[in-house]
Amino acid sequence: LAATGALRASLVAEVDRMIDDPRFAGFADAFATEWLGLDRFDVVDTDRTRHPRLTAHAKPSLREQPARLLEHLVRTDAPVADLIDGASVVVDEIAADYLGLGERVESGFDFVAVPHARADLGGVLTLPAVLAGLSDGREPNPVKRGAWLARKIVARPPPDPPPNVPKLEDLTTLPLRERLARHRSAPGCTACHEGIDPWGLSLEAFDAAGRFRDGAVDAATRLPDGVETADFASFRAHLRAAWLGDVGFSFLRHLATYAAGRPPSPAEERVLRESAEGAVLRGEGLDRKSTRLNSSHANISYAVFCLKKK
């Protein structure tokens with residue numbers, strides 16, 4: 001089709017065909033790893049005395065879960081909001097047991113979509129492989145988690161730290177929020193951490209093994225847009241209500257970067273952002289076709305095609 005100049009007219013059908021192909025699972029594995037930074041989970045040394053559930057038996061299933069979730073969302077034409085707050089989780093029996101859903105899944109090593117009706121599950125923000133990888137194996141790291149969310153989920157990457165930032169004193173004996181305040185007050189650190197720490201504090205609801213610890217910690221935060229959220233549930237609700245265009249743009253940007261092998265140019269970024277934000281703004285509800293994750297795969301396929309065509 002490309003050789004005859006007919007690819008553009010058949011682009012959506014060809015992308016649909018490729019997504020239906022079993023080899024699409026290979027794409028989901030590679031892209032999920034790159035987009036979500038899952039290589040961190042591969043190397044984190046988890047303290048088994050503190051987190052006995054994160055065993056060598058559980059880790060392979062948890063590591064595979066993000067790719068199977070991504071595969072499910074694209075193949076079912078899920079709304080963009082499901083990246084943040086999906087009504088189902090995609091699990092095999094081992095991952096289901098880890099998340100407290102063991103009695104509801106009898107699929108062996110096959111991943112299936114399971115409705116959950118829980119405030120601590122759904123979307124990519126609650127994936128144990130992501131959250132555990134953004135820890136030191138003992139305690140969660142709100143700075144790592146905040147930087148990850150800013151870069152990967154809302155496309156607000158913090159600036160690189162200046163080269164002359166002094167080494168910080170050991171503050172491990174202080175409470176978390178006091179440590180972060182001291183860090184932000186250090187010369188050269190304020191600008192970076194104002195765009196990092198608020199996101200990471202919202203994920204304090206999850207421990208270093210990616211398990212929810214409701215009521216055990218303070219996950220309140222004041223976000224960069226000035227909105228204060230009291231816990232993870234209110235944070236996620238605000239993210240879905242006010243940041244969905246940024247979430248869609250971030251997803252498209254990372255997908256286009258993966259497909260083209262380079263970051264989009266400023267002009268290309270404008271096209272991707274207009275596509276993502278415009279679809280959300282035009283939609284009466286998130287079930288409308290224009291606001292779905294792939295919009296019959298047209299948004300994704302057209303964005304990638306625009307970047308790759310010459």
# chains A, B, ... in the order shown; residues from 1 in each chain; ligands from 1
$ residues_around --residues "segment 120-129 of chain A" --least-positions-apart "2" --cutoff "7 Å" --atoms "only C-alpha atoms" --output "list in words"
Leu38, Phe41, Leu62, Arg63, Pro66, Asp82, Leu83, Ile84, Asp85, Gly86, Ala87, Ser88, Val89, Arg118, Leu131, Ala132, Gly133, Ala209, Gly210, Arg211 and Phe212 of chain A
$ write_last_selection --atoms "all heavy atoms" --output "short mmCIF file (atom, residue, chain, number, x, y, z; two decimals), in the first residue's frame"
data_model
loop_
_atom_site.label_atom_id
_atom_site.label_comp_id
_atom_site.auth_asym_id
_atom_site.auth_seq_id
_atom_site.Cartn_x
_atom_site.Cartn_y
_atom_site.Cartn_z
N LEU A 38 9.66 0.60 33.44
CA LEU A 38 9.56 -0.64 34.21
C LEU A 38 10.91 -1.29 34.48
O LEU A 38 11.00 -2.22 35.29
CB LEU A 38 8.64 -1.63 33.49
CG LEU A 38 7.20 -1.16 33.29
CD1 LEU A 38 6.41 -2.18 32.50
CD2 LEU A 38 6.53 -0.88 34.64
N PHE A 41 11.84 -1.58 38.11
CA PHE A 41 11.30 -2.70 38.89
C PHE A 41 12.19 -3.93 38.75
O PHE A 41 12.28 -4.75 39.67
CB PHE A 41 9.88 -3.02 38.40
CG PHE A 41 9.17 -4.09 39.19
CD1 PHE A 41 8.90 -3.92 40.53
CD2 PHE A 41 8.77 -5.27 38.58
CE1 PHE A 41 8.23 -4.90 41.26
CE2 PHE A 41 8.11 -6.25 39.28
CZ PHE A 41 7.84 -6.07 40.63
N LEU A 62 3.64 -9.36 38.18
CA LEU A 62 3.49 -7.92 38.36
C LEU A 62 4.24 -7.15 37.28
O LEU A 62 3.80 -6.09 36.84
CB LEU A 62 3.98 -7.51 39.74
CG LEU A 62 3.23 -8.13 40.92
CD1 LEU A 62 3.88 -7.71 42.24
CD2 LEU A 62 1.75 -7.74 40.91
N ARG A 63 5.38 -7.70 36.85
CA ARG A 63 6.16 -7.06 35.79
C ARG A 63 5.42 -7.10 34.45
O ARG A 63 5.53 -6.18 33.63
CB ARG A 63 7.51 -7.76 35.68
CG ARG A 63 8.41 -7.29 34.55
CD ARG A 63 8.78 -5.82 34.71
NE ARG A 63 9.81 -5.42 33.77
CZ ARG A 63 9.59 -5.10 32.48
NH1 ARG A 63 8.35 -5.15 32.02
NH2 ARG A 63 10.58 -4.74 31.70
N PRO A 66 1.56 -4.37 33.49
CA PRO A 66 1.36 -3.11 32.75
C PRO A 66 1.19 -3.31 31.24
O PRO A 66 0.36 -2.64 30.62
CB PRO A 66 2.63 -2.32 33.07
CG PRO A 66 3.10 -2.86 34.38
CD PRO A 66 2.77 -4.31 34.33
N ASP A 82 -9.32 5.84 31.38
CA ASP A 82 -8.97 4.54 31.94
C ASP A 82 -7.48 4.41 32.22
O ASP A 82 -7.07 3.51 32.94
CB ASP A 82 -9.43 3.42 31.00
CG ASP A 82 -10.90 3.09 31.17
OD1 ASP A 82 -11.62 3.91 31.79
OD2 ASP A 82 -11.35 2.04 30.68
N LEU A 83 -6.67 5.28 31.62
CA LEU A 83 -5.25 5.30 32.00
C LEU A 83 -5.08 5.76 33.44
O LEU A 83 -4.09 5.43 34.10
CB LEU A 83 -4.46 6.24 31.08
CG LEU A 83 -4.28 5.79 29.63
CD1 LEU A 83 -3.66 6.92 28.82
CD2 LEU A 83 -3.42 4.54 29.55
N ILE A 84 -6.04 6.53 33.93
CA ILE A 84 -5.97 7.09 35.28
C ILE A 84 -6.85 6.34 36.26
O ILE A 84 -6.46 6.10 37.41
CB ILE A 84 -6.39 8.58 35.26
CG1 ILE A 84 -5.47 9.36 34.32
CG2 ILE A 84 -6.37 9.18 36.65
CD1 ILE A 84 -4.01 9.31 34.70
N ASP A 85 -8.02 5.94 35.82
CA ASP A 85 -9.02 5.43 36.77
C ASP A 85 -9.91 4.41 36.08
O ASP A 85 -11.12 4.64 35.92
CB ASP A 85 -9.85 6.60 37.31
CG ASP A 85 -10.76 6.19 38.44
OD1 ASP A 85 -10.61 5.08 38.96
OD2 ASP A 85 -11.64 6.99 38.80
N GLY A 86 -9.35 3.29 35.68
CA GLY A 86 -10.13 2.28 35.00
C GLY A 86 -10.97 1.46 35.96
O GLY A 86 -10.59 1.20 37.10
N ALA A 87 -12.14 1.03 35.48
CA ALA A 87 -13.05 0.25 36.31
C ALA A 87 -12.62 -1.20 36.45
O ALA A 87 -13.15 -1.93 37.28
CB ALA A 87 -14.46 0.30 35.73
N SER A 88 -11.64 -1.63 35.61
CA SER A 88 -11.16 -3.01 35.66
C SER A 88 -9.64 -3.03 35.83
O SER A 88 -8.96 -2.07 35.45
CB SER A 88 -11.54 -3.77 34.38
OG SER A 88 -12.94 -3.85 34.23
N VAL A 89 -9.16 -4.10 36.39
CA VAL A 89 -7.73 -4.38 36.41
C VAL A 89 -7.49 -5.60 35.53
O VAL A 89 -8.38 -6.43 35.33
CB VAL A 89 -7.19 -4.63 37.82
CG1 VAL A 89 -7.24 -3.37 38.65
CG2 VAL A 89 -7.97 -5.76 38.51
N ARG A 118 -12.88 -0.58 43.53
CA ARG A 118 -12.04 -0.14 44.65
C ARG A 118 -11.32 1.16 44.29
O ARG A 118 -10.92 1.36 43.14
CB ARG A 118 -11.01 -1.21 45.01
CG ARG A 118 -11.60 -2.33 45.85
CD ARG A 118 -10.69 -3.52 46.02
NE ARG A 118 -9.29 -3.19 46.27
CZ ARG A 118 -8.34 -4.12 46.42
NH1 ARG A 118 -8.66 -5.40 46.34
NH2 ARG A 118 -7.10 -3.76 46.63
N LEU A 131 5.07 1.42 40.97
CA LEU A 131 5.26 2.03 42.28
C LEU A 131 6.45 1.43 43.03
O LEU A 131 7.23 2.16 43.66
CB LEU A 131 3.99 1.86 43.11
CG LEU A 131 2.76 2.60 42.55
CD1 LEU A 131 1.48 2.07 43.18
CD2 LEU A 131 2.89 4.09 42.77
N ALA A 132 6.62 0.12 42.96
CA ALA A 132 7.75 -0.51 43.64
C ALA A 132 9.06 -0.11 42.99
O ALA A 132 10.08 0.06 43.68
CB ALA A 132 7.59 -2.03 43.63
N GLY A 133 9.06 0.05 41.68
CA GLY A 133 10.27 0.47 41.00
C GLY A 133 10.69 1.88 41.36
O GLY A 133 11.87 2.24 41.22
N ALA A 209 6.27 -1.50 48.11
CA ALA A 209 5.95 -2.69 47.31
C ALA A 209 4.74 -2.45 46.42
O ALA A 209 4.25 -3.38 45.78
CB ALA A 209 5.69 -3.88 48.23
N GLY A 210 4.25 -1.21 46.38
CA GLY A 210 3.12 -0.88 45.52
C GLY A 210 1.78 -1.31 46.08
O GLY A 210 0.80 -1.37 45.34
N ARG A 211 1.71 -1.56 47.38
CA ARG A 211 0.45 -1.96 47.99
C ARG A 211 -0.17 -0.78 48.72
O ARG A 211 0.53 0.02 49.34
CB ARG A 211 0.67 -3.13 48.96
CG ARG A 211 1.04 -4.42 48.22
CD ARG A 211 1.41 -5.53 49.21
NE ARG A 211 0.31 -5.85 50.12
CZ ARG A 211 -0.72 -6.66 49.81
NH1 ARG A 211 -0.77 -7.23 48.63
NH2 ARG A 211 -1.66 -6.90 50.69
N PHE A 212 -1.49 -0.68 48.65
CA PHE A 212 -2.21 0.44 49.23
C PHE A 212 -2.18 0.37 50.75
O PHE A 212 -2.32 -0.69 51.34
CB PHE A 212 -3.66 0.42 48.74
CG PHE A 212 -4.42 1.68 49.01
CD1 PHE A 212 -4.05 2.87 48.41
CD2 PHE A 212 -5.52 1.67 49.86
CE1 PHE A 212 -4.77 4.04 48.64
CE2 PHE A 212 -6.24 2.83 50.09
CZ PHE A 212 -5.86 4.01 49.49
#
$ select_by_dssp --residues "segment 20-238 of chain A" --states "helix (DSSP H, G or I)" --output "ChimeraX atom specification"
/A:20,24-36,39-43,59-75,82-85,93-98,102-104,128-133,142-152,176-185,190-194,197-205,232-238
$ residues_around --residues "Glu228 of chain A" --least-positions-apart "6" --cutoff "12 Å" --atoms "only C-alpha atoms" --output "number ranges by chain"
A: 198-199, 201-202, 219-222, 234-239
$ write_last_selection --atoms "all heavy atoms" --output "short mmCIF file (atom, residue, chain, number, x, y, z; two decimals), in the first residue's frame"
data_model
loop_
_atom_site.label_atom_id
_atom_site.label_comp_id
_atom_site.auth_asym_id
_atom_site.auth_seq_id
_atom_site.Cartn_x
_atom_site.Cartn_y
_atom_site.Cartn_z
N PRO A 198 4.76 17.69 44.84
CA PRO A 198 3.31 17.57 45.01
C PRO A 198 2.72 16.33 44.35
O PRO A 198 1.81 15.70 44.90
CB PRO A 198 2.77 18.86 44.35
CG PRO A 198 3.91 19.82 44.46
CD PRO A 198 5.14 18.98 44.25
N TRP A 199 3.23 15.96 43.18
CA TRP A 199 2.75 14.74 42.52
C TRP A 199 3.13 13.51 43.33
O TRP A 199 2.32 12.60 43.51
CB TRP A 199 3.35 14.62 41.12
CG TRP A 199 3.06 15.75 40.19
CD1 TRP A 199 3.95 16.64 39.67
CD2 TRP A 199 1.79 16.11 39.63
NE1 TRP A 199 3.33 17.53 38.83
CE2 TRP A 199 2.00 17.23 38.79
CE3 TRP A 199 0.50 15.60 39.75
CZ2 TRP A 199 0.97 17.84 38.08
CZ3 TRP A 199 -0.53 16.21 39.04
CH2 TRP A 199 -0.30 17.31 38.22
N LEU A 201 3.78 13.18 46.55
CA LEU A 201 3.10 13.05 47.84
C LEU A 201 1.73 12.38 47.68
O LEU A 201 1.27 11.68 48.57
CB LEU A 201 2.95 14.42 48.49
CG LEU A 201 4.23 15.03 49.05
CD1 LEU A 201 4.00 16.47 49.47
CD2 LEU A 201 4.76 14.21 50.22
N SER A 202 1.09 12.59 46.55
CA SER A 202 -0.21 11.96 46.32
C SER A 202 -0.10 10.44 46.25
O SER A 202 -1.08 9.73 46.51
CB SER A 202 -0.83 12.49 45.03
OG SER A 202 -0.05 12.09 43.90
N ALA A 219 -1.38 11.51 52.53
CA ALA A 219 -1.20 11.66 51.08
C ALA A 219 -1.79 12.96 50.57
O ALA A 219 -2.01 13.11 49.37
CB ALA A 219 -1.83 10.47 50.35
N ALA A 220 -2.03 13.91 51.46
CA ALA A 220 -2.54 15.21 51.04
C ALA A 220 -1.46 15.99 50.31
O ALA A 220 -0.26 15.84 50.60
CB ALA A 220 -3.02 16.00 52.26
N THR A 221 -1.88 16.82 49.36
CA THR A 221 -0.89 17.57 48.59
C THR A 221 -1.55 18.81 47.99
O THR A 221 -2.78 18.85 47.83
CB THR A 221 -0.28 16.70 47.48
OG1 THR A 221 0.77 17.42 46.83
CG2 THR A 221 -1.32 16.33 46.45
N ARG A 222 -0.72 19.79 47.68
CA ARG A 222 -1.15 20.96 46.92
C ARG A 222 -0.47 20.89 45.57
O ARG A 222 0.75 21.03 45.47
CB ARG A 222 -0.79 22.26 47.64
CG ARG A 222 -1.25 23.52 46.92
CD ARG A 222 -0.79 24.77 47.66
NE ARG A 222 -1.15 25.98 46.95
CZ ARG A 222 -2.29 26.64 47.08
NH1 ARG A 222 -3.20 26.17 47.93
NH2 ARG A 222 -2.54 27.73 46.41
N SER A 234 -9.08 11.63 45.99
CA SER A 234 -9.41 12.98 45.53
C SER A 234 -8.38 13.48 44.53
O SER A 234 -8.70 14.21 43.59
CB SER A 234 -9.52 13.93 46.71
OG SER A 234 -8.31 13.99 47.45
N PHE A 235 -7.12 13.07 44.70
CA PHE A 235 -6.10 13.44 43.72
C PHE A 235 -6.42 12.84 42.36
O PHE A 235 -6.38 13.53 41.34
CB PHE A 235 -4.72 12.93 44.18
CG PHE A 235 -3.72 12.85 43.07
CD1 PHE A 235 -3.15 13.99 42.54
CD2 PHE A 235 -3.35 11.61 42.54
CE1 PHE A 235 -2.24 13.93 41.50
CE2 PHE A 235 -2.43 11.54 41.51
CZ PHE A 235 -1.87 12.69 40.99
N ARG A 236 -6.76 11.57 42.32
CA ARG A 236 -7.04 10.92 41.05
C ARG A 236 -8.30 11.51 40.40
O ARG A 236 -8.35 11.67 39.17
CB ARG A 236 -7.17 9.42 41.24
CG ARG A 236 -7.27 8.68 39.92
CD ARG A 236 -6.95 7.22 40.04
NE ARG A 236 -7.89 6.49 40.88
CZ ARG A 236 -7.93 5.15 40.95
NH1 ARG A 236 -7.08 4.42 40.24
NH2 ARG A 236 -8.79 4.55 41.74
N ALA A 237 -9.28 11.85 41.21
CA ALA A 237 -10.49 12.47 40.67
C ALA A 237 -10.16 13.82 40.03
O ALA A 237 -10.68 14.16 38.95
CB ALA A 237 -11.53 12.65 41.77
N HIS A 238 -9.28 14.60 40.65
CA HIS A 238 -8.90 15.89 40.08
C HIS A 238 -8.07 15.69 38.82
O HIS A 238 -8.24 16.43 37.84
CB HIS A 238 -8.10 16.70 41.10
CG HIS A 238 -7.61 18.00 40.55
ND1 HIS A 238 -8.44 19.02 40.17
CD2 HIS A 238 -6.34 18.44 40.29
CE1 HIS A 238 -7.73 20.04 39.71
NE2 HIS A 238 -6.46 19.72 39.76
N LEU A 239 -7.20 14.71 38.83
CA LEU A 239 -6.39 14.44 37.65
C LEU A 239 -7.29 14.09 36.47
O LEU A 239 -7.07 14.55 35.34
CB LEU A 239 -5.43 13.28 37.95
CG LEU A 239 -4.26 13.07 36.99
CD1 LEU A 239 -3.32 14.26 37.02
CD2 LEU A 239 -3.50 11.80 37.36
#
$ closest_residue --among "A:Gly137, A:Gly245, A:Gly200, A:Gly195" --to "Leu54 of chain A" --atoms "only C-alpha atoms"
A:Gly137
$ atom_distance --atom1 "atom CA of Gln65 of chain A" --atom2 "atom CA of Ala260 of chain A"
25.2 Å
$ decode --residues "segment 84-97 of chain A" --atoms "N, CA and C atoms" --output "PDB file, in the first residue's frame"
ATOM      1  N   ILE A  84      -6.042   6.526  33.934  1.00  0.00           N
ATOM      2  CA  ILE A  84      -5.971   7.087  35.278  1.00  0.00           C
ATOM      3  C   ILE A  84      -6.845   6.338  36.263  1.00  0.00           C
ATOM      4  N   ASP A  85      -8.023   5.943  35.819  1.00  0.00           N
ATOM      5  CA  ASP A  85      -9.020   5.426  36.768  1.00  0.00           C
ATOM      6  C   ASP A  85      -9.911   4.407  36.084  1.00  0.00           C
ATOM      7  N   GLY A  86      -9.351   3.292  35.680  1.00  0.00           N
ATOM      8  CA  GLY A  86     -10.133   2.277  35.003  1.00  0.00           C
ATOM      9  C   GLY A  86     -10.974   1.463  35.956  1.00  0.00           C
ATOM     10  N   ALA A  87     -12.136   1.028  35.480  1.00  0.00           N
ATOM     11  CA  ALA A  87     -13.050   0.248  36.307  1.00  0.00           C
ATOM     12  C   ALA A  87     -12.618  -1.202  36.447  1.00  0.00           C
ATOM     13  N   SER A  88     -11.643  -1.632  35.615  1.00  0.00           N
ATOM     14  CA  SER A  88     -11.159  -3.010  35.662  1.00  0.00           C
ATOM     15  C   SER A  88      -9.645  -3.027  35.829  1.00  0.00           C
ATOM     16  N   VAL A  89      -9.160  -4.103  36.392  1.00  0.00           N
ATOM     17  CA  VAL A  89      -7.728  -4.379  36.406  1.00  0.00           C
ATOM     18  C   VAL A  89      -7.487  -5.599  35.528  1.00  0.00           C
ATOM     19  N   VAL A  90      -6.292  -5.701  34.990  1.00  0.00           N
ATOM     20  CA  VAL A  90      -5.924  -6.836  34.148  1.00  0.00           C
ATOM     21  C   VAL A  90      -4.890  -7.646  34.911  1.00  0.00           C
ATOM     22  N   VAL A  91      -5.252  -8.867  35.281  1.00  0.00           N
ATOM     23  CA  VAL A  91      -4.427  -9.664  36.190  1.00  0.00           C
ATOM     24  C   VAL A  91      -4.471 -11.130  35.814  1.00  0.00           C
ATOM     25  N   ASP A  92      -3.415 -11.851  36.195  1.00  0.00           N
ATOM     26  CA  ASP A  92      -3.488 -13.307  36.250  1.00  0.00           C
ATOM     27  C   ASP A  92      -3.745 -13.690  37.709  1.00  0.00           C
ATOM     28  N   GLU A  93      -3.724 -14.963  38.028  1.00  0.00           N
ATOM     29  CA  GLU A  93      -4.054 -15.370  39.397  1.00  0.00           C
ATOM     30  C   GLU A  93      -3.050 -14.843  40.410  1.00  0.00           C
ATOM     31  N   ILE A  94      -1.775 -14.771  40.029  1.00  0.00           N
ATOM     32  CA  ILE A  94      -0.746 -14.333  40.969  1.00  0.00           C
ATOM     33  C   ILE A  94      -0.889 -12.843  41.252  1.00  0.00           C
ATOM     34  N   ALA A  95      -1.031 -12.027  40.201  1.00  0.00           N
ATOM     35  CA  ALA A  95      -1.216 -10.594  40.400  1.00  0.00           C
ATOM     36  C   ALA A  95      -2.521 -10.311  41.138  1.00  0.00           C
ATOM     37  N   ALA A  96      -3.565 -11.084  40.835  1.00  0.00           N
ATOM     38  CA  ALA A  96      -4.842 -10.899  41.524  1.00  0.00           C
ATOM     39  C   ALA A  96      -4.693 -11.149  43.019  1.00  0.00           C
ATOM     40  N   ASP A  97      -3.986 -12.194  43.370  1.00  0.00           N
ATOM     41  CA  ASP A  97      -3.764 -12.492  44.783  1.00  0.00           C
ATOM     42  C   ASP A  97      -2.982 -11.370  45.462  1.00  0.00           C
TER      43      ASP A  97
END
